[in-house]
>>> print(open('input-v5.pdb').read())   # PDB, C-alpha atoms
ATOM      1  CA  MET A   1     135.729 171.574 162.248
ATOM      2  CA  PRO A   2     137.917 173.596 164.602
ATOM      3  CA  ALA A   3     137.909 172.652 168.287
ATOM      4  CA  ARG A   4     136.560 176.045 169.311
ATOM      5  CA  ALA A   5     133.572 175.752 166.958
ATOM      6  CA  ARG A   6     132.809 172.229 168.231
ATOM      7  CA  SER A   7     132.843 173.447 171.849
ATOM      8  CA  ASP A   8     130.496 176.346 171.015
ATOM      9  CA  SER A   9     128.115 173.974 169.249
ATOM     10  CA  ALA A  10     128.060 171.612 172.242
ATOM     11  CA  THR A  11     127.410 174.492 174.576
ATOM     12  CA  ASN A  12     124.492 175.686 172.438
ATOM     13  CA  ASN A  13     122.992 172.181 172.326
ATOM     14  CA  LYS A  14     123.171 171.905 176.115
ATOM     15  CA  ALA A  15     121.470 175.285 176.519
ATOM     16  CA  ILE A  16     118.709 174.282 174.102
ATOM     17  CA  ASN A  17     118.157 170.975 175.903
ATOM     18  CA  TRP A  18     118.066 172.773 179.283
ATOM     19  CA  CYS A  19     115.482 175.353 178.099
ATOM     20  CA  THR A  20     113.366 172.594 176.539
ATOM     21  CA  ALA A  21     113.363 170.659 179.825
ATOM     22  CA  ILE A  22     112.324 173.745 181.802
ATOM     23  CA  HIS A  23     109.565 174.465 179.282
ATOM     24  CA  HIS A  24     108.144 170.941 179.505
ATOM     25  CA  ARG A  25     108.372 170.985 183.280
ATOM     26  CA  GLY A  26     106.554 174.346 183.474
ATOM     27  CA  CYS A  27     103.844 173.203 181.102
ATOM     28  CA  SER A  28     103.284 170.001 183.032
ATOM     29  CA  SER A  29     103.066 171.879 186.352
ATOM     30  CA  LEU A  30     100.700 174.415 184.797
ATOM     31  CA  GLU A  31      98.471 171.655 183.448
ATOM     32  CA  SER A  32      98.477 169.941 186.831
ATOM     33  CA  ARG A  33      97.484 173.186 188.549
ATOM     34  CA  LYS A  34      94.675 173.731 186.056
ATOM     35  CA  ALA A  35      93.467 170.201 186.578
ATOM     36  CA  THR A  36      93.567 170.624 190.349
ATOM     37  CA  ALA A  37      91.774 173.964 190.168
ATOM     38  CA  GLY A  38      89.153 172.544 187.877
ATOM     39  CA  SER A  39      88.543 169.596 190.140
ATOM     40  CA  SER A  40      88.302 171.768 193.283
ATOM     41  CA  HIS A  41      86.165 174.610 191.893
ATOM     42  CA  TYR A  42      84.275 173.447 188.829
ATOM     43  CA  ALA A  43      83.699 169.818 189.669
ATOM     44  CA  SER A  44      81.437 170.724 192.606
ATOM     45  CA  LYS A  45      77.841 169.547 192.178
ATOM     46  CA  ILE A  46      76.284 171.744 194.909
ATOM     47  CA  ASP A  47      72.930 173.177 193.955
ATOM     48  CA  TRP A  48      73.239 176.776 195.145
ATOM     49  CA  ASN A  49      69.583 177.476 194.416
ATOM     50  CA  LYS A  50      68.642 174.960 197.099
ATOM     51  CA  LEU A  51      71.408 176.023 199.482
ATOM     52  CA  ARG A  52      70.612 179.773 199.375
ATOM     53  CA  PRO A  53      67.284 179.608 201.292
ATOM     54  CA  ILE A  54      68.931 177.372 203.886
ATOM     55  CA  ILE A  55      71.658 179.978 204.489
ATOM     56  CA  ILE A  56      69.118 182.817 204.678
ATOM     57  CA  ASN A  57      66.981 180.844 207.118
ATOM     58  CA  ARG A  58      70.054 180.142 209.244
ATOM     59  CA  ILE A  59      70.868 183.864 209.398
ATOM     60  CA  ARG A  60      67.310 184.757 210.392
ATOM     61  CA  ASN A  61      67.133 182.080 213.089
ATOM     62  CA  ARG A  62      70.422 183.027 214.752
ATOM     63  CA  VAL A  63      68.565 185.514 216.959
ATOM     64  CA  ASN A  64      66.883 182.545 218.666
ATOM     65  CA  ASP A  65      70.147 181.936 220.529
ATOM     66  CA  TYR A  66      69.802 185.275 222.363
ATOM     67  CA  PRO A  67      69.855 186.292 225.148
ATOM     68  CA  ILE A  68      72.830 184.377 226.497
ATOM     69  CA  LYS A  69      72.334 183.693 230.195
ATOM     70  CA  SER A  70      76.023 183.874 231.052
ATOM     71  CA  MET A  71      76.191 187.462 229.724
ATOM     72  CA  ILE A  72      73.283 188.799 231.807
ATOM     73  CA  PRO A  73      75.538 189.618 234.840
ATOM     74  CA  VAL A  74      77.853 191.525 232.490
ATOM     75  CA  ALA A  75      74.936 193.579 231.181
ATOM     76  CA  LYS A  76      73.804 194.330 234.747
ATOM     77  CA  ASP A  77      77.302 195.536 235.645
ATOM     78  CA  VAL A  78      77.258 197.788 232.576
ATOM     79  CA  LEU A  79      73.989 199.378 233.689
ATOM     80  CA  LYS A  80      75.306 199.871 237.219
ATOM     81  CA  SER A  81      78.558 201.412 235.951
ATOM     82  CA  GLN A  82      76.658 203.739 233.646
ATOM     83  CA  GLU A  83      74.466 205.003 236.483
ATOM     84  CA  ILE A  84      77.501 205.627 238.704
ATOM     85  CA  LEU A  85      79.269 207.387 235.839
ATOM     86  CA  TRP A  86      76.353 209.707 235.056
ATOM     87  CA  LYS A  87      75.848 210.689 238.682
ATOM     88  CA  GLY A  88      79.578 211.084 239.311
ATOM     89  CA  VAL A  89      80.124 213.332 236.290
ATOM     90  CA  SER A  90      77.043 215.409 237.147
ATOM     91  CA  PHE A  91      78.481 215.960 240.641
ATOM     92  CA  LEU A  92      81.980 216.837 239.413
ATOM     93  CA  LEU A  93      80.475 219.420 237.061
ATOM     94  CA  ASN A  94      79.449 221.359 240.185
ATOM     95  CA  VAL A  95      83.033 221.298 241.489
ATOM     96  CA  ILE A  96      85.285 221.429 238.416
ATOM     97  CA  PRO A  97      84.603 224.174 235.844
ATOM     98  CA  VAL A  98      83.915 222.926 232.321
ATOM     99  CA  LYS A  99      83.714 225.083 229.202
ATOM    100  CA  ALA A 100      82.025 224.245 225.902
ATOM    101  CA  CYS A 101      82.175 226.100 222.604
ATOM    102  CA  ASN A 102      79.003 227.659 221.192
ATOM    103  CA  SER A 103      79.948 226.992 217.580
ATOM    104  CA  CYS A 104      81.552 223.531 217.653
ATOM    105  CA  PRO A 105      81.707 220.407 219.876
ATOM    106  CA  GLU A 106      84.987 221.488 221.529
ATOM    107  CA  VAL A 107      85.130 221.056 225.331
ATOM    108  CA  TYR A 108      87.778 222.199 227.799
ATOM    109  CA  ILE A 109      88.139 221.297 231.475
ATOM    110  CA  GLY A 110      89.260 224.460 233.285
ATOM    111  CA  LYS A 111      88.252 227.870 234.621
ATOM    112  CA  THR A 112      88.858 229.645 231.336
ATOM    113  CA  GLY A 113      88.874 228.160 227.884
ATOM    114  CA  HIS A 114      92.070 227.692 225.930
ATOM    115  CA  GLN A 115      93.264 230.007 223.148
ATOM    116  CA  ILE A 116      93.929 227.289 220.584
ATOM    117  CA  ASN A 117      92.204 228.286 217.345
ATOM    118  CA  THR A 118      90.615 224.995 216.328
ATOM    119  CA  CYS A 119      86.989 226.076 215.915
ATOM    120  CA  ARG A 120      85.437 225.242 212.548
ATOM    121  CA  GLY A 121      82.119 226.968 213.055
ATOM    122  CA  PHE A 122      78.605 225.618 213.368
ATOM    123  CA  LYS A 123      78.469 224.143 209.843
ATOM    124  CA  LYS A 124      82.195 223.223 209.713
ATOM    125  CA  ARG A 125      82.803 225.597 206.834
ATOM    126  CA  ALA A 126      85.441 227.690 208.592
ATOM    127  CA  LYS A 127      88.871 226.754 209.924
ATOM    128  CA  ASN A 128      91.185 227.864 212.748
ATOM    129  CA  LEU A 129      88.738 230.232 214.429
ATOM    130  CA  PRO A 130      88.811 231.213 218.151
ATOM    131  CA  HIS A 131      86.279 229.450 220.355
ATOM    132  CA  GLN A 132      83.315 231.111 222.045
ATOM    133  CA  TRP A 133      83.134 229.533 225.490
ATOM    134  CA  THR A 134      80.059 228.909 227.629
ATOM    135  CA  GLU A 135      79.365 226.724 230.652
ATOM    136  CA  GLY A 136      79.560 223.024 229.879
ATOM    137  CA  LYS A 137      76.834 220.470 230.633
ATOM    138  CA  LEU A 138      76.630 216.737 231.134
ATOM    139  CA  ILE A 139      75.868 216.129 227.463
ATOM    140  CA  ASP A 140      79.142 217.872 226.556
ATOM    141  CA  ILE A 141      81.132 215.343 228.596
ATOM    142  CA  LEU A 142      78.992 212.262 227.891
ATOM    143  CA  PRO A 143      77.348 212.667 224.474
ATOM    144  CA  ARG A 144      73.940 211.044 224.184
ATOM    145  CA  VAL A 145      73.932 208.080 221.769
ATOM    146  CA  GLU A 146      70.466 206.826 220.845
ATOM    147  CA  SER A 147      69.041 203.896 218.897
ATOM    148  CA  TYR A 148      65.627 202.534 218.017
ATOM    149  CA  HIS A 149      64.030 200.477 220.772
ATOM    150  CA  LEU A 150      63.052 196.934 219.739
ATOM    151  CA  GLN A 151      61.029 194.657 221.976
ATOM    152  CA  HIS A 152      63.127 191.690 220.801
ATOM    153  CA  MET A 153      65.804 190.948 218.216
ATOM    154  CA  ARG A 154      63.381 188.907 216.097
ATOM    155  CA  LYS A 155      61.639 192.046 214.859
ATOM    156  CA  SER A 156      61.860 192.583 211.114
ATOM    157  CA  MET A 157      64.041 195.322 209.661
ATOM    158  CA  ILE A 158      62.748 198.852 210.313
ATOM    159  CA  LYS A 159      61.621 200.602 207.128
ATOM    160  CA  HIS A 160      61.716 204.309 206.379
ATOM    161  CA  ASP A 161      57.981 204.846 206.871
ATOM    162  CA  GLN A 162      58.234 203.259 210.353
ATOM    163  CA  ARG A 163      60.769 205.757 211.705
ATOM    164  CA  PHE A 164      58.193 207.521 213.919
ATOM    165  CA  ASP A 165      56.516 204.340 215.164
ATOM    166  CA  LEU A 166      59.416 203.207 217.372
ATOM    167  CA  PRO A 167      60.831 205.216 220.301
ATOM    168  CA  ARG A 168      64.469 206.239 220.639
ATOM    169  CA  VAL A 169      66.324 205.216 223.799
ATOM    170  CA  PRO A 170      69.982 205.335 224.897
ATOM    171  CA  ALA A 171      71.965 202.753 222.942
ATOM    172  CA  ILE A 172      73.572 201.258 226.065
ATOM    173  CA  LEU A 173      70.163 200.684 227.667
ATOM    174  CA  GLU A 174      68.916 199.091 224.446
ATOM    175  CA  LEU A 175      71.941 196.784 224.304
ATOM    176  CA  CYS A 176      71.469 195.707 227.913
ATOM    177  CA  HIS A 177      67.735 195.228 227.288
ATOM    178  CA  GLN A 178      68.432 192.874 224.393
ATOM    179  CA  ALA A 179      71.105 191.159 226.498
ATOM    180  CA  GLY A 180      68.407 189.943 228.884
ATOM    181  CA  VAL A 181      68.219 192.647 231.571
ATOM    182  CA  GLU A 182      64.683 193.616 232.520
ATOM    183  CA  ILE A 183      64.612 197.420 232.484
ATOM    184  CA  PRO A 184      61.374 199.102 233.614
ATOM    185  CA  ASP A 185      59.752 201.398 231.089
ATOM    186  CA  GLU A 186      59.927 204.376 233.453
ATOM    187  CA  ILE A 187      63.730 204.027 233.489
ATOM    188  CA  LEU A 188      64.057 203.151 229.812
ATOM    189  CA  TYR A 189      62.077 206.177 228.629
ATOM    190  CA  SER A 190      63.018 208.577 231.446
ATOM    191  CA  TYR A 191      66.339 209.652 229.908
ATOM    192  CA  SER A 192      64.931 212.198 227.508
ATOM    193  CA  ARG A 193      66.969 215.064 226.133
ATOM    194  CA  GLU A 194      65.550 217.433 228.757
ATOM    195  CA  SER A 195      66.126 215.146 231.733
ATOM    196  CA  TYR A 196      69.594 214.048 230.615
ATOM    197  CA  ASP A 197      71.190 217.243 231.907
ATOM    198  CA  SER A 198      69.114 217.257 235.107
ATOM    199  CA  ILE A 199      70.749 214.160 236.648
ATOM    200  CA  GLU A 200      71.907 215.117 240.122
ATOM    201  CA  TYR A 201      74.237 213.476 242.579
ATOM    202  CA  PRO A 202      72.535 212.502 245.862
ATOM    203  CA  GLY A 203      73.842 214.663 248.686
ATOM    204  CA  GLN A 204      74.840 218.247 249.333
ATOM    205  CA  VAL A 205      77.830 219.400 247.312
ATOM    206  CA  ALA A 206      78.722 222.222 249.691
ATOM    207  CA  THR A 207      79.104 219.902 252.685
ATOM    208  CA  LEU A 208      81.598 217.556 251.034
ATOM    209  CA  LEU A 209      85.305 217.832 251.821
ATOM    210  CA  GLY A 210      88.284 217.477 249.518
ATOM    211  CA  GLU A 211      88.766 213.817 250.400
ATOM    212  CA  ASP A 212      85.124 213.095 249.592
ATOM    213  CA  ILE A 213      85.450 214.807 246.212
ATOM    214  CA  GLN A 214      88.575 212.791 245.455
ATOM    215  CA  SER A 215      86.776 209.579 246.446
ATOM    216  CA  ILE A 216      83.886 210.404 244.098
ATOM    217  CA  ALA A 217      86.369 211.118 241.305
ATOM    218  CA  VAL A 218      88.075 207.745 241.827
ATOM    219  CA  THR A 219      84.702 205.968 241.836
ATOM    220  CA  THR A 220      83.653 207.788 238.668
ATOM    221  CA  LEU A 221      86.893 206.910 236.892
ATOM    222  CA  ASP A 222      86.529 203.244 237.899
ATOM    223  CA  ALA A 223      82.961 203.272 236.577
ATOM    224  CA  TRP A 224      84.255 204.690 233.267
ATOM    225  CA  GLU A 225      86.754 201.860 232.895
ATOM    226  CA  ASN A 226      84.273 199.170 233.969
ATOM    227  CA  LEU A 227      81.647 200.504 231.577
ATOM    228  CA  ARG A 228      83.982 200.334 228.596
ATOM    229  CA  LEU A 229      85.263 196.900 229.593
ATOM    230  CA  GLY A 230      81.732 195.533 229.983
ATOM    231  CA  LEU A 231      80.637 196.976 226.639
ATOM    232  CA  GLN A 232      83.637 195.359 224.977
ATOM    233  CA  LYS A 233      82.498 191.974 226.299
ATOM    234  CA  LEU A 234      78.916 192.534 225.127
ATOM    235  CA  LEU A 235      80.026 193.614 221.661
ATOM    236  CA  PHE A 236      81.859 190.311 221.258
ATOM    237  CA  VAL A 237      78.526 188.509 221.611
ATOM    238  CA  TYR A 238      75.696 190.825 220.526
ATOM    239  CA  PRO A 239      75.547 192.483 217.089
ATOM    240  CA  VAL A 240      75.617 196.284 217.078
ATOM    241  CA  LYS A 241      75.913 198.336 213.896
ATOM    242  CA  VAL A 242      77.152 201.873 213.238
ATOM    243  CA  CYS A 243      76.963 203.920 210.057
ATOM    244  CA  GLN A 244      80.263 204.621 208.294
ATOM    245  CA  TYR A 245      79.126 208.097 207.245
ATOM    246  CA  CYS A 246      77.420 209.325 210.441
ATOM    247  CA  SER A 247      77.115 208.315 214.101
ATOM    248  CA  GLU A 248      73.808 206.407 213.818
ATOM    249  CA  ILE A 249      73.698 203.285 216.019
ATOM    250  CA  HIS A 250      71.455 200.257 215.629
ATOM    251  CA  VAL A 251      71.386 197.408 218.138
ATOM    252  CA  GLY A 252      70.481 194.245 216.246
ATOM    253  CA  PRO A 253      71.749 191.714 213.700
ATOM    254  CA  THR A 254      71.051 194.025 210.720
ATOM    255  CA  GLY A 255      70.801 197.773 210.344
ATOM    256  CA  HIS A 256      67.544 199.600 209.648
ATOM    257  CA  LYS A 257      66.437 201.166 206.362
ATOM    258  CA  VAL A 258      65.556 204.608 207.694
ATOM    259  CA  ARG A 259      67.011 207.158 205.258
ATOM    260  CA  VAL A 260      68.298 209.789 207.672
ATOM    261  CA  CYS A 261      72.020 209.738 206.902
ATOM    262  CA  GLY A 262      72.834 213.428 206.587
ATOM    263  CA  LEU A 263      76.263 213.368 204.967
ATOM    264  CA  PHE A 264      75.745 215.479 201.860
ATOM    265  CA  LYS A 265      78.647 214.179 199.798
ATOM    266  CA  HIS A 266      76.993 210.761 199.790
ATOM    267  CA  GLU A 267      73.667 211.934 198.356
ATOM    268  CA  SER A 268      73.733 209.120 195.819
ATOM    269  CA  TRP A 269      72.807 206.818 198.700
ATOM    270  CA  ARG A 270      69.542 208.779 199.187
ATOM    271  CA  GLY A 271      70.182 208.949 202.917
ATOM    272  CA  ILE A 272      70.621 205.186 203.361
ATOM    273  CA  HIS A 273      73.127 204.207 206.029
ATOM    274  CA  LYS A 274      76.142 202.060 205.250
ATOM    275  CA  TRP A 275      76.515 199.789 208.259
ATOM    276  CA  LYS A 276      79.608 198.308 209.826
ATOM    277  CA  ARG A 277      80.421 196.663 213.139
ATOM    278  CA  ALA A 278      80.302 199.070 216.076
ATOM    279  CA  GLU A 279      83.100 199.561 218.586
ATOM    280  CA  VAL A 280      83.129 200.772 222.187
ATOM    281  CA  ASP A 281      83.947 204.348 221.127
ATOM    282  CA  ASP A 282      80.765 204.408 219.043
ATOM    283  CA  LEU A 283      78.577 203.665 222.070
ATOM    284  CA  VAL A 284      80.630 205.704 224.564
ATOM    285  CA  PRO A 285      82.413 208.503 222.672
ATOM    286  CA  PRO A 286      85.598 209.432 224.584
ATOM    287  CA  LYS A 287      85.264 213.168 223.691
ATOM    288  CA  VAL A 288      89.003 213.882 223.697
ATOM    289  CA  VAL A 289      89.995 217.271 225.177
ATOM    290  CA  TRP A 290      93.243 219.184 225.667
ATOM    291  CA  HIS A 291      95.248 218.253 228.753
ATOM    292  CA  ARG A 292      97.206 220.938 230.585
ATOM    293  CA  ARG A 293     100.401 219.606 232.183
ATOM    294  CA  PRO A 294     102.401 221.259 235.009
ATOM    295  CA  GLN A 295     105.039 222.477 232.533
ATOM    296  CA  ASP A 296     102.436 224.157 230.301
ATOM    297  CA  PRO A 297     101.365 227.829 230.621
ATOM    298  CA  PRO A 298      98.239 228.660 232.672
ATOM    299  CA  VAL A 299      96.268 229.271 229.463
ATOM    300  CA  LEU A 300      97.051 227.030 226.506
ATOM    301  CA  ALA A 301      98.197 229.175 223.582
ATOM    302  CA  ASP A 302      97.792 228.437 219.894
ATOM    303  CA  ASN A 303     101.519 228.337 219.136
ATOM    304  CA  GLY A 304     102.049 225.313 221.398
ATOM    305  CA  ARG A 305      99.314 223.056 220.066
ATOM    306  CA  ASN A 306     101.863 220.530 218.792
ATOM    307  CA  PHE A 307     103.258 220.034 222.308
ATOM    308  CA  TYR A 308     100.090 219.785 224.420
ATOM    309  CA  GLY A 309      98.598 216.449 225.374
ATOM    310  CA  HIS A 310      95.068 215.078 225.203
ATOM    311  CA  ALA A 311      92.796 212.979 227.400
ATOM    312  CA  PRO A 312      89.184 211.768 227.345
ATOM    313  CA  ALA A 313      86.871 214.341 228.923
ATOM    314  CA  VAL A 314      85.804 212.017 231.750
ATOM    315  CA  VAL A 315      89.416 211.136 232.538
ATOM    316  CA  GLU A 316      90.508 214.791 232.509
ATOM    317  CA  LEU A 317      87.596 215.734 234.761
ATOM    318  CA  CYS A 318      88.501 213.039 237.302
ATOM    319  CA  ILE A 319      92.188 213.956 237.168
ATOM    320  CA  GLN A 320      91.477 217.556 238.122
ATOM    321  CA  ALA A 321      89.264 216.282 240.952
ATOM    322  CA  GLY A 322      92.176 214.304 242.438
ATOM    323  CA  ALA A 323      91.934 210.837 240.854
ATOM    324  CA  ARG A 324      95.045 208.976 239.752
ATOM    325  CA  VAL A 325      94.985 208.162 236.058
ATOM    326  CA  HIS A 326      95.853 204.765 234.557
ATOM    327  CA  PRO A 327      99.295 204.605 232.883
ATOM    328  CA  LYS A 328      97.710 203.665 229.534
ATOM    329  CA  TYR A 329      96.752 207.352 229.109
ATOM    330  CA  PHE A 330     100.293 208.668 229.640
ATOM    331  CA  CYS A 331     101.198 208.502 225.953
ATOM    332  CA  MET A 332      98.102 210.477 224.934
ATOM    333  CA  MET A 333      98.654 213.020 227.698
ATOM    334  CA  LYS A 334     102.352 213.518 226.844
ATOM    335  CA  ILE A 335     103.271 213.535 230.519
ATOM    336  CA  HIS A 336     107.007 213.997 229.985
ATOM    337  CA  GLY A 337     106.790 216.060 226.801
ATOM    338  CA  PHE A 338     108.284 219.461 226.116
ATOM    339  CA  PRO A 339     106.392 222.544 227.362
ATOM    340  CA  GLY A 340     104.341 224.440 224.859
ATOM    341  CA  ASN A 341     105.668 227.916 225.544
TER     342      ASN A 341
END
>>> encode(input="input-v5.pdb", output="structure tokens")
Amino acid sequence: MPARARSDSATNNKAINWCTAIHHRGCSSLESRKATAGSSHYASKIDWNKLRPIIINRIRNRVNDYPIKSMIPVAKDVLKSQEILWKGVSFLLNVIPVKACNSCPEVYIGKTGHQINTCRGFKKRAKNLPHQWTEGKLIDILPRVESYHLQHMRKSMIKHDQRFDLPRVPAILELCHQAGVEIPDEILYSYSRESYDSIEYPGQVATLLGEDIQSIAVTTLDAWENLRLGLQKLLFVYPVKVCQYCSEIHVGPTGHKVRVCGLFKHESWRGIHKWKRAEVDDLVPPKVVWHRRPQDPPVLADNGRNFYGHAPAVVELCIQAGARVHPKYFCMMKIHGFPGN
């Protein structure tokens, strides 16, 4: 046999032996993994029929750990900050002009509304329409977020036929109530839809000077930050749910079964909410508005909408009253951005 043929045959034998070794090694490792998986998953002798009621009972009894005494001061600070915020915003509305659109939830802080065509109409069927401005109210700056009032967290899940048996109260008050703060009924039920806009700041507005107005704006802005910080701490401890399809809030370990979800493209749910964990913005909506910078024109035009900044309505209101804003809002406000003209 020629030398070249013998070398090719030796090379082929080595390749065959190498592939055979890899195949045996892969098969052995695969068998070992199957054996390990079988021992870890299928060799378990847990009786899940006996364990299931124990888990359900554990979930139901977790509400016995509430309220947590160490979180009661936090809940009291939240209530105090909310009261200062409501009164401060209601006072600033008498000093700083606020405009609200008749056909959509758009709000603008200024003497005249902007000319940015972002109105979608009352039923959100239109697009890029001009706004129809009217005088803004407290509910335009601080939207009212309600939830069902429960005497305690141990109450069973609310059914659809019980939707008129329980009162609706502000969600923040309900959260603080379940956190252990004793709130009198006259305060808990006093914030109706009619009285929400009638909150007045104690004192005469006409007799206050510019420095006093600036001081009230600073206090209001601090209350806004403290309120959101306190709610963030409470949400780490107490369960609060929000619907993924609408803005319904429920304070408690599980959501209710009231079929009032009004998102039409999810009619297959028959109005049942799909709950998820709530965030601070769900309890205190920031209501983002357009921010007019010094380099912008006096009236914001539609052709510069990509250059203008934004800010939460409360923050923008306090800024125009003389408060100094926190640097964390600079990116949203586009402080050093290009002018929109």
>>> resolve_selection(input="input-v5.pdb", expression="the PyMOL selection byres ((chain A and resi 307) around 9)", output="list in words")
Gly304, Arg305, Asn306, Tyr308, Gly309, Lys334, Gly337, Phe338, Pro339, Gly340 and Asn341 of chain A
>>> closest_residue(input="input-v5.pdb", among="A:Asp65, A:Glu211, A:Asp165, A:Glu83", to="Gly180 (chain A)", atoms="only C-alpha atoms")
A:Asp65
>>> closest_residue(input="input-v5.pdb", among="A:Met332, A:Ile187, A:Leu92, A:Leu231", to="Gly210 (chain A)", atoms="all atoms listed in the file")
A:Leu92
>>> residues_near_point(input="input-v5.pdb", point="(81.3, 194.9, 229.8)", cutoff="10 Å", atoms="all atoms listed in the file", output="MDAnalysis selection string")
chainID A and resid 71 73:79 81 225:236 280
>>> atom_distance(input="input-v5.pdb", atom1="CA of Gly271 (chain A)", atom2="CA of Ile141 (chain A)")
28.6 Å
>>> closest_residue(input="input-v5.pdb", among="A:Val258, A:Cys119, A:Ile72, A:Gly322", to="Leu175 (chain A)", atoms="all atoms listed in the file")
A:Ile72
>>> resolve_selection(input="input-v5.pdb", expression="the PyMOL selection byres ((chain A and resi 281-285) around 9)", output="list in words")
Leu142, Pro143, Arg144, Val145, Glu146, Ala171, Ile172, Leu227, Arg228, Leu231, Val242, Ser247, Glu248, Ile249, Ala278, Glu279, Val280, Pro286, Lys287, Val288 and Pro312 of chain A
